[in-house]
$ cat query31.txt   # compact mmCIF, C-alpha atoms
# COMPACT_ATOMS: atom_id res chain seq x y z
CA MET Y 245 381.52 195.61 182.07
CA ASN Y 246 380.36 193.84 185.22
CA PRO Y 247 377.76 195.68 187.30
CA PRO Y 248 379.16 197.47 190.37
CA ARG Y 249 379.23 195.32 193.46
CA THR Y 250 377.30 196.34 196.52
CA ASP Y 251 377.14 194.82 199.97
CA ALA Y 252 373.71 196.32 200.62
CA ARG Y 253 370.94 193.89 201.48
CA ARG Y 254 367.22 194.14 201.96
CA HIS Y 255 366.12 194.66 205.56
CA HIS Y 256 362.37 194.54 205.10
CA ASP Y 257 359.63 192.47 203.54
CA PRO Y 258 358.57 194.31 200.35
CA GLU Y 259 355.17 192.62 200.45
CA VAL Y 260 354.20 194.32 203.73
CA ARG Y 261 352.07 197.46 203.37
CA GLY Y 262 350.00 199.32 205.92
CA PHE Y 263 347.75 202.33 206.22
CA ALA Y 264 349.83 204.65 208.38
CA SER Y 265 350.98 207.17 205.79
CA ASP Y 266 351.52 207.63 202.09
CA ASN Y 267 355.08 208.50 203.13
CA TYR Y 268 355.59 204.83 203.98
CA ALA Y 269 355.41 203.84 200.32
CA GLY Y 270 358.56 203.49 198.27
CA ALA Y 271 359.31 205.41 195.10
CA HIS Y 272 357.32 204.61 191.99
CA PRO Y 273 359.30 202.41 189.56
CA GLU Y 274 359.06 205.08 186.84
CA VAL Y 275 360.63 207.58 189.22
CA MET Y 276 363.47 205.16 189.93
CA VAL Y 277 364.05 204.78 186.18
CA ALA Y 278 364.18 208.58 185.86
CA LEU Y 279 366.75 208.82 188.66
CA ALA Y 280 368.95 206.29 186.91
CA LEU Y 281 368.55 208.23 183.68
CA ALA Y 282 369.78 211.41 185.35
CA ASN Y 283 372.77 209.65 186.90
CA GLY Y 284 376.17 209.46 185.28
CA GLY Y 285 378.35 212.21 183.95
CA HIS Y 286 378.52 215.74 185.30
CA GLN Y 287 375.78 218.36 185.48
CA VAL Y 288 376.10 221.88 186.86
CA ALA Y 289 375.24 221.98 190.56
CA TYR Y 290 372.72 224.04 192.54
CA GLY Y 291 369.95 224.08 189.95
CA GLU Y 292 371.80 225.13 186.82
CA ASP Y 293 371.35 221.65 185.34
CA ASP Y 294 369.34 220.57 182.32
CA TYR Y 295 366.75 218.69 184.40
CA THR Y 296 365.85 221.68 186.55
CA GLU Y 297 365.65 223.86 183.46
CA ASN Y 298 363.23 221.44 181.82
CA LEU Y 299 361.19 221.23 185.02
CA GLN Y 300 360.42 224.94 184.65
CA ARG Y 301 358.76 224.30 181.29
CA ILE Y 302 356.68 221.48 182.76
CA VAL Y 303 355.63 223.52 185.80
CA ARG Y 304 354.53 226.42 183.58
CA GLY Y 305 352.34 223.96 181.70
CA HIS Y 306 350.56 223.10 184.94
CA PHE Y 307 350.52 226.47 186.71
CA GLY Y 308 350.70 229.18 184.05
CA ALA Y 309 353.28 231.20 182.15
CA THR Y 310 354.52 233.11 185.20
CA ALA Y 311 355.12 230.03 187.37
CA GLU Y 312 358.63 229.27 188.57
CA ALA Y 313 359.65 226.16 190.51
CA PHE Y 314 362.24 226.09 193.28
CA PRO Y 315 362.97 222.44 194.16
CA VAL Y 316 363.57 221.73 197.85
CA PHE Y 317 364.23 218.67 199.99
CA ASN Y 318 360.94 218.23 201.85
CA GLY Y 319 357.46 219.54 202.56
CA THR Y 320 358.27 221.41 205.75
CA GLY Y 321 361.11 223.13 203.95
CA ALA Y 322 358.79 224.06 201.10
CA ASN Y 323 356.22 225.56 203.47
CA VAL Y 324 358.74 227.52 205.51
CA VAL Y 325 360.51 228.91 202.45
CA ALA Y 326 357.23 229.77 200.71
CA LEU Y 327 355.77 231.54 203.74
CA GLN Y 328 358.95 233.49 204.39
CA ALA Y 329 358.87 234.68 200.79
CA VAL Y 330 355.49 236.35 201.19
CA THR Y 331 355.84 237.87 204.68
CA ASP Y 332 357.75 240.66 206.35
CA ARG Y 333 359.58 240.15 209.64
CA TRP Y 334 356.51 241.43 211.45
CA GLY Y 335 354.11 239.35 209.40
CA ALA Y 336 351.72 236.60 210.45
CA VAL Y 337 350.03 233.69 208.68
CA ILE Y 338 346.36 232.81 209.11
CA CYS Y 339 345.74 229.06 208.92
CA ALA Y 340 343.39 226.35 210.10
CA GLU Y 341 344.12 225.08 213.58
CA SER Y 342 344.58 221.60 212.08
CA ALA Y 343 347.03 222.82 209.41
CA HIS Y 344 350.24 220.87 208.95
CA ILE Y 345 352.28 224.06 209.46
CA ASN Y 346 350.69 224.41 212.90
CA VAL Y 347 350.48 220.79 214.09
CA ASP Y 348 353.10 218.67 212.37
CA GLU Y 349 356.16 220.76 211.52
CA GLY Y 350 357.83 220.90 214.91
CA GLY Y 351 357.44 224.66 215.22
CA ALA Y 352 359.59 225.18 212.11
CA PRO Y 353 357.52 228.10 210.74
CA GLU Y 354 357.96 229.89 214.07
CA ARG Y 355 361.52 228.89 215.00
CA MET Y 356 363.14 228.71 211.57
CA GLY Y 357 360.93 231.10 209.62
CA GLY Y 358 360.28 233.60 212.40
CA LEU Y 359 356.57 233.54 211.58
CA LYS Y 360 353.55 234.02 213.80
CA LEU Y 361 350.73 231.58 213.06
CA LEU Y 362 347.21 232.87 213.70
CA THR Y 363 345.07 229.74 213.89
CA VAL Y 364 341.34 229.27 213.40
CA PRO Y 365 339.33 226.20 214.50
CA THR Y 366 337.49 224.62 211.58
CA PRO Y 367 334.92 221.82 211.54
CA ASP Y 368 336.38 220.13 208.46
CA GLY Y 369 339.91 221.47 208.05
CA LYS Y 370 338.78 224.19 205.62
CA LEU Y 371 338.98 227.96 205.99
CA THR Y 372 336.28 230.29 204.71
CA PRO Y 373 336.30 234.09 204.34
CA GLU Y 374 334.19 234.30 207.50
CA LEU Y 375 336.62 232.12 209.46
CA ILE Y 376 339.59 234.09 208.12
CA ASP Y 377 338.01 237.27 209.48
CA ARG Y 378 338.41 235.94 213.02
CA GLN Y 379 342.12 236.67 212.66
CA ALA Y 380 342.19 239.19 209.79
CA TRP Y 381 342.34 242.41 211.77
CA GLY Y 382 344.73 244.80 213.54
CA TRP Y 383 347.00 245.66 210.63
CA GLU Y 384 347.88 249.04 212.16
CA ASP Y 385 348.23 247.73 215.70
CA GLU Y 386 351.95 247.57 216.50
CA HIS Y 387 351.19 245.27 219.43
CA ARG Y 388 349.89 242.54 217.13
CA ALA Y 389 351.62 240.49 214.45
CA MET Y 390 350.35 241.72 211.09
CA PRO Y 391 348.21 239.25 209.10
CA GLN Y 392 349.87 239.09 205.69
CA VAL Y 393 349.19 235.58 204.38
CA VAL Y 394 346.34 233.07 204.35
CA SER Y 395 347.61 229.48 204.12
CA ILE Y 396 345.25 226.72 203.03
CA THR Y 397 345.88 223.01 202.46
CA GLN Y 398 344.59 221.04 199.46
CA SER Y 399 343.66 218.33 200.25
CA THR Y 400 343.31 219.22 203.93
CA GLU Y 401 344.72 217.36 206.90
CA LEU Y 402 341.27 215.85 207.39
CA GLY Y 403 341.12 214.53 203.84
CA THR Y 404 338.56 217.11 202.71
CA LEU Y 405 338.75 219.26 199.57
CA TYR Y 406 338.22 222.88 198.67
CA THR Y 407 336.30 223.44 195.45
CA PRO Y 408 337.88 225.89 192.99
CA GLU Y 409 335.08 228.34 193.81
CA GLU Y 410 335.87 228.14 197.53
CA ILE Y 411 339.54 228.87 196.90
CA ARG Y 412 338.63 231.74 194.58
CA ALA Y 413 336.49 233.27 197.34
CA ILE Y 414 339.36 232.94 199.82
CA CYS Y 415 341.84 234.53 197.39
CA GLU Y 416 339.53 237.42 196.58
CA HIS Y 417 338.86 238.01 200.26
CA ALA Y 418 342.54 237.82 201.21
CA HIS Y 419 343.67 240.05 198.36
CA ALA Y 420 341.02 242.63 199.24
CA HIS Y 421 342.72 242.88 202.64
CA GLY Y 422 346.19 243.12 201.09
CA MET Y 423 347.10 239.55 202.04
CA LYS Y 424 348.68 236.83 199.90
CA VAL Y 425 347.48 233.22 199.59
CA HIS Y 426 349.72 230.18 200.06
CA LEU Y 427 348.53 226.68 199.23
CA ASP Y 428 350.14 223.70 200.94
CA GLY Y 429 349.91 221.14 198.17
CA SER Y 430 351.49 218.16 199.87
CA ARG Y 431 348.62 216.10 198.40
CA ILE Y 432 347.66 218.44 195.58
CA ALA Y 433 347.64 215.54 193.11
CA ASN Y 434 345.01 213.70 195.15
CA ALA Y 435 342.87 216.83 195.19
CA ALA Y 436 343.07 217.32 191.43
CA ALA Y 437 342.34 213.65 190.80
CA SER Y 438 339.28 213.71 193.05
CA LEU Y 439 337.94 216.99 191.64
CA ASP Y 440 338.78 215.75 188.13
CA VAL Y 441 340.30 219.08 187.13
CA PRO Y 442 343.82 220.26 186.25
CA MET Y 443 345.83 221.61 189.17
CA ARG Y 444 345.73 225.08 187.59
CA THR Y 445 341.95 225.17 188.08
CA PHE Y 446 342.28 225.71 191.83
CA THR Y 447 345.66 227.47 191.93
CA ASN Y 448 346.75 230.11 189.40
CA ALA Y 449 343.29 230.30 187.79
CA VAL Y 450 341.66 231.41 191.06
CA GLY Y 451 344.35 233.65 192.52
CA VAL Y 452 346.78 231.53 194.59
CA ASP Y 453 350.09 233.40 194.85
CA ILE Y 454 352.49 230.66 195.90
CA LEU Y 455 352.25 226.95 196.61
CA SER Y 456 354.15 224.03 198.03
CA LEU Y 457 354.12 221.27 195.43
CA GLY Y 458 354.22 217.77 196.90
CA GLY Y 459 356.18 214.92 195.37
CA THR Y 460 357.05 212.44 198.09
CA LYS Y 461 353.47 211.39 198.91
CA ASN Y 462 352.79 210.97 195.19
CA GLY Y 463 355.59 208.51 194.40
CA ALA Y 464 358.85 210.47 194.60
CA LEU Y 465 361.82 209.20 196.58
CA PHE Y 466 362.36 212.65 198.07
CA GLY Y 467 361.83 216.23 197.04
CA GLU Y 468 359.13 218.87 196.72
CA ALA Y 469 359.09 222.34 195.19
CA VAL Y 470 357.99 225.85 195.98
CA VAL Y 471 356.07 227.14 192.96
CA VAL Y 472 355.87 230.92 192.70
CA ILE Y 473 352.83 231.91 190.64
CA ASN Y 474 352.61 235.62 191.41
CA GLN Y 475 356.12 236.94 190.90
CA ASP Y 476 355.15 240.31 192.40
CA ALA Y 477 354.23 238.61 195.69
CA VAL Y 478 357.68 237.26 196.57
CA ARG Y 479 361.15 238.53 197.29
CA GLN Y 480 364.54 236.86 196.99
CA MET Y 481 363.37 233.26 196.74
CA LYS Y 482 366.82 231.99 195.79
CA HIS Y 483 368.37 233.53 198.89
CA LEU Y 484 365.58 232.30 201.15
CA ARG Y 485 365.92 228.75 199.86
CA LYS Y 486 369.67 228.76 200.52
CA MET Y 487 369.54 230.29 204.00
CA SER Y 488 366.74 227.85 204.90
CA MET Y 489 369.07 224.91 204.10
CA GLN Y 490 366.83 223.74 201.24
CA LEU Y 491 369.21 224.26 198.30
CA ALA Y 492 370.26 220.87 196.90
CA SER Y 493 373.71 220.76 195.35
CA LYS Y 494 372.78 217.83 193.10
CA MET Y 495 369.40 219.33 192.31
CA ARG Y 496 368.97 217.30 189.13
CA PHE Y 497 367.98 214.33 191.31
CA VAL Y 498 365.06 216.28 192.81
CA SER Y 499 364.02 217.85 189.52
CA VAL Y 500 364.07 214.65 187.49
CA GLN Y 501 361.66 213.00 189.93
CA LEU Y 502 359.19 215.87 189.62
CA GLU Y 503 359.69 215.74 185.87
CA ALA Y 504 358.86 212.02 185.86
CA LEU Y 505 355.67 212.67 187.83
CA LEU Y 506 354.48 215.80 186.03
CA ALA Y 507 355.65 215.55 182.43
CA LYS Y 508 352.86 213.19 181.51
CA ASP Y 509 350.22 211.64 183.75
CA LEU Y 510 352.10 209.62 186.34
CA TRP Y 511 351.14 212.11 189.07
CA LEU Y 512 347.49 211.67 188.13
CA ARG Y 513 347.59 207.89 187.82
CA ASN Y 514 349.21 207.58 191.23
CA ALA Y 515 346.73 209.93 192.88
CA ARG Y 516 343.68 208.38 191.27
CA HIS Y 517 344.70 204.94 192.41
CA ALA Y 518 345.33 206.06 196.00
CA ASN Y 519 341.96 207.83 196.05
CA GLU Y 520 340.19 204.78 194.65
CA MET Y 521 341.72 202.58 197.33
CA ALA Y 522 340.54 205.03 200.01
CA GLN Y 523 337.02 204.83 198.58
CA ARG Y 524 337.20 201.04 198.60
CA LEU Y 525 338.39 201.12 202.20
CA ALA Y 526 335.61 203.50 203.22
CA GLU Y 527 332.98 201.32 201.59
CA GLY Y 528 334.27 198.28 203.43
CA VAL Y 529 334.46 200.08 206.77
CA ARG Y 530 330.92 201.48 206.49
CA ALA Y 531 329.65 197.91 206.53
CA VAL Y 532 331.29 197.24 209.91
CA HIS Y 533 328.88 197.88 212.78
CA GLY Y 534 330.35 200.13 215.46
CA VAL Y 535 332.81 201.99 213.22
CA GLU Y 536 332.06 205.60 212.30
CA ILE Y 537 333.66 207.49 209.41
CA LEU Y 538 334.00 211.09 210.57
CA TYR Y 539 334.68 213.17 207.44
CA PRO Y 540 333.82 212.90 203.76
CA VAL Y 541 336.37 210.65 202.03
CA GLN Y 542 337.44 212.97 199.23
CA ALA Y 543 341.12 212.13 198.76
CA ASN Y 544 343.30 209.24 199.96
CA GLY Y 545 342.59 209.32 203.69
CA VAL Y 546 339.88 207.78 205.88
CA PHE Y 547 339.25 209.09 209.39
CA ALA Y 548 337.26 206.80 211.63
CA LYS Y 549 336.17 206.37 215.23
CA LEU Y 550 336.14 202.93 216.83
CA PRO Y 551 336.79 201.36 220.22
CA HIS Y 552 340.29 202.06 221.50
CA ASP Y 553 341.07 198.45 222.31
CA VAL Y 554 340.08 197.39 218.80
CA SER Y 555 342.47 199.93 217.31
CA GLU Y 556 345.30 198.74 219.53
CA ARG Y 557 344.79 195.11 218.53
CA LEU Y 558 344.50 196.06 214.87
CA GLN Y 559 347.74 198.05 215.08
CA LYS Y 560 349.55 194.83 215.93
CA ARG Y 561 348.53 193.53 212.51
CA PHE Y 562 348.74 196.72 210.41
CA ARG Y 563 350.56 200.01 210.84
CA PHE Y 564 348.35 203.09 211.25
CA TYR Y 565 348.15 206.04 213.60
CA PHE Y 566 345.71 207.47 216.10
CA TRP Y 567 344.58 210.92 215.01
CA ASP Y 568 343.00 211.72 218.38
CA GLU Y 569 343.72 208.87 220.76
CA ASN Y 570 341.58 210.23 223.59
CA ALA Y 571 338.57 210.32 221.29
CA GLY Y 572 339.36 206.98 219.66
CA VAL Y 573 339.88 208.57 216.23
CA VAL Y 574 342.29 206.92 213.79
CA ARG Y 575 343.60 207.82 210.33
CA TRP Y 576 344.04 205.31 207.52
CA MET Y 577 345.99 206.45 204.46
CA CYS Y 578 346.21 204.82 201.04
CA SER Y 579 349.12 205.13 198.63
CA PHE Y 580 349.89 204.69 194.95
CA ASP Y 581 350.93 201.10 195.70
CA THR Y 582 348.00 200.12 197.95
CA SER Y 583 346.31 197.11 196.41
CA GLU Y 584 342.71 195.94 196.49
CA GLU Y 585 343.93 192.88 198.38
CA ASP Y 586 345.56 195.15 200.98
CA VAL Y 587 342.28 196.93 201.54
CA ASP Y 588 340.14 193.80 201.63
CA THR Y 589 342.52 192.05 204.04
CA PHE Y 590 342.48 195.07 206.34
CA VAL Y 591 338.67 195.31 206.33
CA ALA Y 592 338.42 191.59 207.11
CA ALA Y 593 340.83 192.04 210.03
CA LEU Y 594 338.80 195.01 211.29
CA LYS Y 595 335.64 192.90 211.24
CA GLU Y 596 337.43 190.16 213.18
CA GLU Y 597 338.65 192.55 215.86
CA MET Y 598 335.28 194.27 216.17
CA ALA Y 599 333.62 190.88 216.67
CA ARG Y 600 335.90 189.92 219.57
$ encode --input "query31.txt" --output "structure tokens"
Amino acid sequence: MNPPRTDARRHHDPEVRGFASDNYAGAHPEVMVALALANGGHQVAYGEDDYTENLQRIVRGHFGATAEAFPVFNGTGANVVALQAVTDRWGAVICAESAHINVDEGGAPERMGGLKLLTVPTPDGKLTPELIDRQAWGWEDEHRAMPQVVSITQSTELGTLYTPEEIRAICEHAHAHGMKVHLDGSRIANAAASLDVPMRTFTNAVGVDILSLGGTKNGALFGEAVVVINQDAVRQMKHLRKMSMQLASKMRFVSVQLEALLAKDLWLRNARHANEMAQRLAEGVRAVHGVEILYPVQANGVFAKLPHDVSERLQKRFRFYFWDENAGVVRWMCSFDTSEEDVDTFVAALKEEMAR
């Protein structure tokens, strides 16, 4: 049989890579093979397929016997669904001021989830029990949204990491106040790779109740999952996922990607490589006079401060974003497909622009 004809054509140069976001990367080739494997024939829709069933077994291997995965389309959807599942209508979520749910989700937790976010400024993107206490009060005050959830991000938006002990302290503190703990794990693989521990070490083992499991930034084409660890903490997840427009009819194509990443070590290989490239980038940048790295490089992101005009010239050669344009702060992200040559070429270009 001849292969099916397509009129599609490539519209980009596949050799071009930048440092704007790990979302810019394509899907890992092993994920693409898995998608092709799942294609063909009929499978029951809406999550009753064999791939989603097998994903449950894999997720329990990573996050404990009580864990249950609910595949969704994207990270914002995962966060909104997860947070709705552990709050009442009058509930509020305590999070870092820099948290993705507060800064980069277009108000979705508030507008779509009906949630009040109680934010706390942090020096490094990380909450502590003491910082949580700035917002953890007023449970009996009907004039104030009730704090019911603490949401942390691992790794954080600033590329920093919580240790398992730090997350345990947060969980114990939150639970003592009757609150649940949500972990935004958009880059959870990078955190585990950097800490060199299984993901369970800083999730179910230390008291996290529910998490958003990232796939796209780790080599998936699309798709994330809400992972419920504490079944007593949530209500009606299936209904929440549907009413939040996150129920995929052909769910096998989300589940098989997560299966490809998590069944063996692809998730870890991808994350380790991205982290290593970030370390290589940081080492090269530190040698450039006039460039300051602002936060510890603990995952796959480098945050730096340099002259604004240098950044603008460099952006004409490589894609990356300002993190705080007024302060001259930029963010450089590495991906599973970032090469040593990519990094070295970028550092050389940075040196050239700084010398002008």
$ closest_atom_pairs --input "query31.txt" --of "segment 291-357 of chain Y" --to "segment 467-482 of chain Y" --cutoff "12 Å" --atoms "only C-alpha atoms" --output "JSON lines"
{"residue": "Y:Gly291", "atom": "CA", "partner": "Y:Lys482", "partner_atom": "CA", "distance": 10.3}
{"residue": "Y:Thr296", "atom": "CA", "partner": "Y:Ala469", "partner_atom": "CA", "distance": 11.0}
{"residue": "Y:Leu299", "atom": "CA", "partner": "Y:Ala469", "partner_atom": "CA", "distance": 10.4}
{"residue": "Y:Gln300", "atom": "CA", "partner": "Y:Val471", "partner_atom": "CA", "distance": 9.6}
{"residue": "Y:Ile302", "atom": "CA", "partner": "Y:Val471", "partner_atom": "CA", "distance": 11.7}
{"residue": "Y:Val303", "atom": "CA", "partner": "Y:Val471", "partner_atom": "CA", "distance": 8.0}
{"residue": "Y:Arg304", "atom": "CA", "partner": "Y:Ile473", "partner_atom": "CA", "distance": 9.1}
{"residue": "Y:Gly305", "atom": "CA", "partner": "Y:Ile473", "partner_atom": "CA", "distance": 12.0}
{"residue": "Y:His306", "atom": "CA", "partner": "Y:Val471", "partner_atom": "CA", "distance": 10.5}
{"residue": "Y:Phe307", "atom": "CA", "partner": "Y:Ile473", "partner_atom": "CA", "distance": 7.1}
{"residue": "Y:Gly308", "atom": "CA", "partner": "Y:Ile473", "partner_atom": "CA", "distance": 7.4}
{"residue": "Y:Ala309", "atom": "CA", "partner": "Y:Ile473", "partner_atom": "CA", "distance": 8.5}
{"residue": "Y:Thr310", "atom": "CA", "partner": "Y:Ile473", "partner_atom": "CA", "distance": 5.8}
{"residue": "Y:Ala311", "atom": "CA", "partner": "Y:Ile473", "partner_atom": "CA", "distance": 4.4}
{"residue": "Y:Glu312", "atom": "CA", "partner": "Y:Val472", "partner_atom": "CA", "distance": 5.2}
{"residue": "Y:Ala313", "atom": "CA", "partner": "Y:Val471", "partner_atom": "CA", "distance": 4.4}
{"residue": "Y:Phe314", "atom": "CA", "partner": "Y:Val470", "partner_atom": "CA", "distance": 5.0}
{"residue": "Y:Pro315", "atom": "CA", "partner": "Y:Ala469", "partner_atom": "CA", "distance": 4.0}
{"residue": "Y:Val316", "atom": "CA", "partner": "Y:Ala469", "partner_atom": "CA", "distance": 5.2}
{"residue": "Y:Phe317", "atom": "CA", "partner": "Y:Gly467", "partner_atom": "CA", "distance": 4.5}
{"residue": "Y:Asn318", "atom": "CA", "partner": "Y:Gly467", "partner_atom": "CA", "distance": 5.3}
{"residue": "Y:Gly319", "atom": "CA", "partner": "Y:Glu468", "partner_atom": "CA", "distance": 6.1}
{"residue": "Y:Thr320", "atom": "CA", "partner": "Y:Glu468", "partner_atom": "CA", "distance": 9.4}
{"residue": "Y:Gly321", "atom": "CA", "partner": "Y:Glu468", "partner_atom": "CA", "distance": 8.6}
{"residue": "Y:Ala322", "atom": "CA", "partner": "Y:Val470", "partner_atom": "CA", "distance": 5.5}
{"residue": "Y:Asn323", "atom": "CA", "partner": "Y:Val470", "partner_atom": "CA", "distance": 7.7}
{"residue": "Y:Val324", "atom": "CA", "partner": "Y:Val470", "partner_atom": "CA", "distance": 9.7}
{"residue": "Y:Val325", "atom": "CA", "partner": "Y:Val470", "partner_atom": "CA", "distance": 7.6}
{"residue": "Y:Ala326", "atom": "CA", "partner": "Y:Val470", "partner_atom": "CA", "distance": 6.2}
{"residue": "Y:Leu327", "atom": "CA", "partner": "Y:Val478", "partner_atom": "CA", "distance": 9.4}
{"residue": "Y:Gln328", "atom": "CA", "partner": "Y:Val478", "partner_atom": "CA", "distance": 8.8}
{"residue": "Y:Ala329", "atom": "CA", "partner": "Y:Val478", "partner_atom": "CA", "distance": 5.1}
{"residue": "Y:Val330", "atom": "CA", "partner": "Y:Val478", "partner_atom": "CA", "distance": 5.2}
{"residue": "Y:Thr331", "atom": "CA", "partner": "Y:Val478", "partner_atom": "CA", "distance": 8.3}
{"residue": "Y:Asp332", "atom": "CA", "partner": "Y:Arg479", "partner_atom": "CA", "distance": 9.9}
$ residues_around --input "query31.txt" --residues "segment 572-581 of chain Y" --least-positions-apart "2" --cutoff "10 Å" --atoms "all atoms listed in the file" --output "ChimeraX atom specification"
/Y:261-272,402-403,461-463,511,513-523,525-526,536-538,543-555,563-570,583-584,586-587
$ closest_residue --input "query31.txt" --among "Y:Arg355, Y:Arg378, Y:His344, Y:Arg485" --to "Asp428 of chain Y" --atoms "all atoms listed in the file"
Y:His344
$ atom_distance --input "query31.txt" --atom1 "atom CA of Ala504 of chain Y" --atom2 "atom CA of Ala437 of chain Y"
17.3 Å
$ closest_residue --input "query31.txt" --among "Y:Pro353, Y:Gly458, Y:Gly528, Y:Gly451" --to "Leu502 of chain Y" --atoms "all atoms listed in the file"
Y:Gly458
$ residues_near_point --input "query31.txt" --point "(344.5, 224.5, 203.5)" --cutoff "9 Å" --atoms "only C-alpha atoms" --output "PyMOL selection string"
chain Y and resi 339-340+343-344+369-371+394-401+405-406+426-429
$ atom_distance --input "query31.txt" --atom1 "atom CA of Glu292 of chain Y" --atom2 "atom CA of Met487 of chain Y"
18.1 Å
$ atom_distance --input "query31.txt" --atom1 "atom CA of Lys494 of chain Y" --atom2 "atom CA of Asp293 of chain Y"
8.8 Å
$ closest_residue --input "query31.txt" --among "Y:Val541, Y:Val260, Y:Leu506, Y:Ile414" --to "Arg561 of chain Y" --atoms "all atoms listed in the file"
Y:Val260
$ decode --input "query31.txt" --residues "segment 460-475 of chain Y" --atoms "N, CA and C atoms" --output "short mmCIF file (atom, residue, chain, number, x, y, z; two decimals), in the first residue's frame"
data_model
loop_
_atom_site.label_atom_id
_atom_site.label_comp_id
_atom_site.auth_asym_id
_atom_site.auth_seq_id
_atom_site.Cartn_x
_atom_site.Cartn_y
_atom_site.Cartn_z
N THR Y 460 4.36 18.79 28.31
CA THR Y 460 4.73 19.54 27.11
C THR Y 460 6.16 20.06 27.17
N LYS Y 461 6.56 20.59 28.32
CA LYS Y 461 7.91 21.15 28.44
C LYS Y 461 8.98 20.06 28.51
N ASN Y 462 8.55 18.82 28.66
CA ASN Y 462 9.47 17.70 28.82
C ASN Y 462 9.53 16.81 27.57
N GLY Y 463 8.92 17.27 26.46
CA GLY Y 463 9.03 16.52 25.22
C GLY Y 463 7.74 16.00 24.64
N ALA Y 464 6.60 16.30 25.28
CA ALA Y 464 5.32 15.89 24.72
C ALA Y 464 4.89 16.89 23.64
N LEU Y 465 4.02 16.42 22.76
CA LEU Y 465 3.45 17.30 21.73
C LEU Y 465 2.41 18.22 22.35
N PHE Y 466 1.58 17.65 23.20
CA PHE Y 466 0.59 18.39 23.97
C PHE Y 466 0.14 17.48 25.10
N GLY Y 467 -0.44 18.05 26.14
CA GLY Y 467 -1.02 17.24 27.18
C GLY Y 467 -0.28 17.27 28.50
N GLU Y 468 -1.04 17.37 29.56
CA GLU Y 468 -0.55 17.31 30.94
C GLU Y 468 -1.52 16.40 31.69
N ALA Y 469 -1.41 16.35 33.00
CA ALA Y 469 -2.36 15.57 33.78
C ALA Y 469 -2.49 16.17 35.17
N VAL Y 470 -3.68 16.08 35.73
CA VAL Y 470 -3.87 16.32 37.15
C VAL Y 470 -3.68 14.98 37.83
N VAL Y 471 -2.81 14.92 38.82
CA VAL Y 471 -2.59 13.69 39.58
C VAL Y 471 -3.12 13.90 41.00
N VAL Y 472 -4.16 13.16 41.33
CA VAL Y 472 -4.73 13.21 42.67
C VAL Y 472 -3.99 12.19 43.52
N ILE Y 473 -3.35 12.65 44.57
CA ILE Y 473 -2.62 11.77 45.49
C ILE Y 473 -3.47 11.44 46.70
N ASN Y 474 -4.05 12.47 47.30
CA ASN Y 474 -4.92 12.29 48.46
C ASN Y 474 -6.37 12.27 47.99
N GLN Y 475 -6.93 11.09 47.87
CA GLN Y 475 -8.29 10.97 47.35
C GLN Y 475 -9.31 11.64 48.25
#
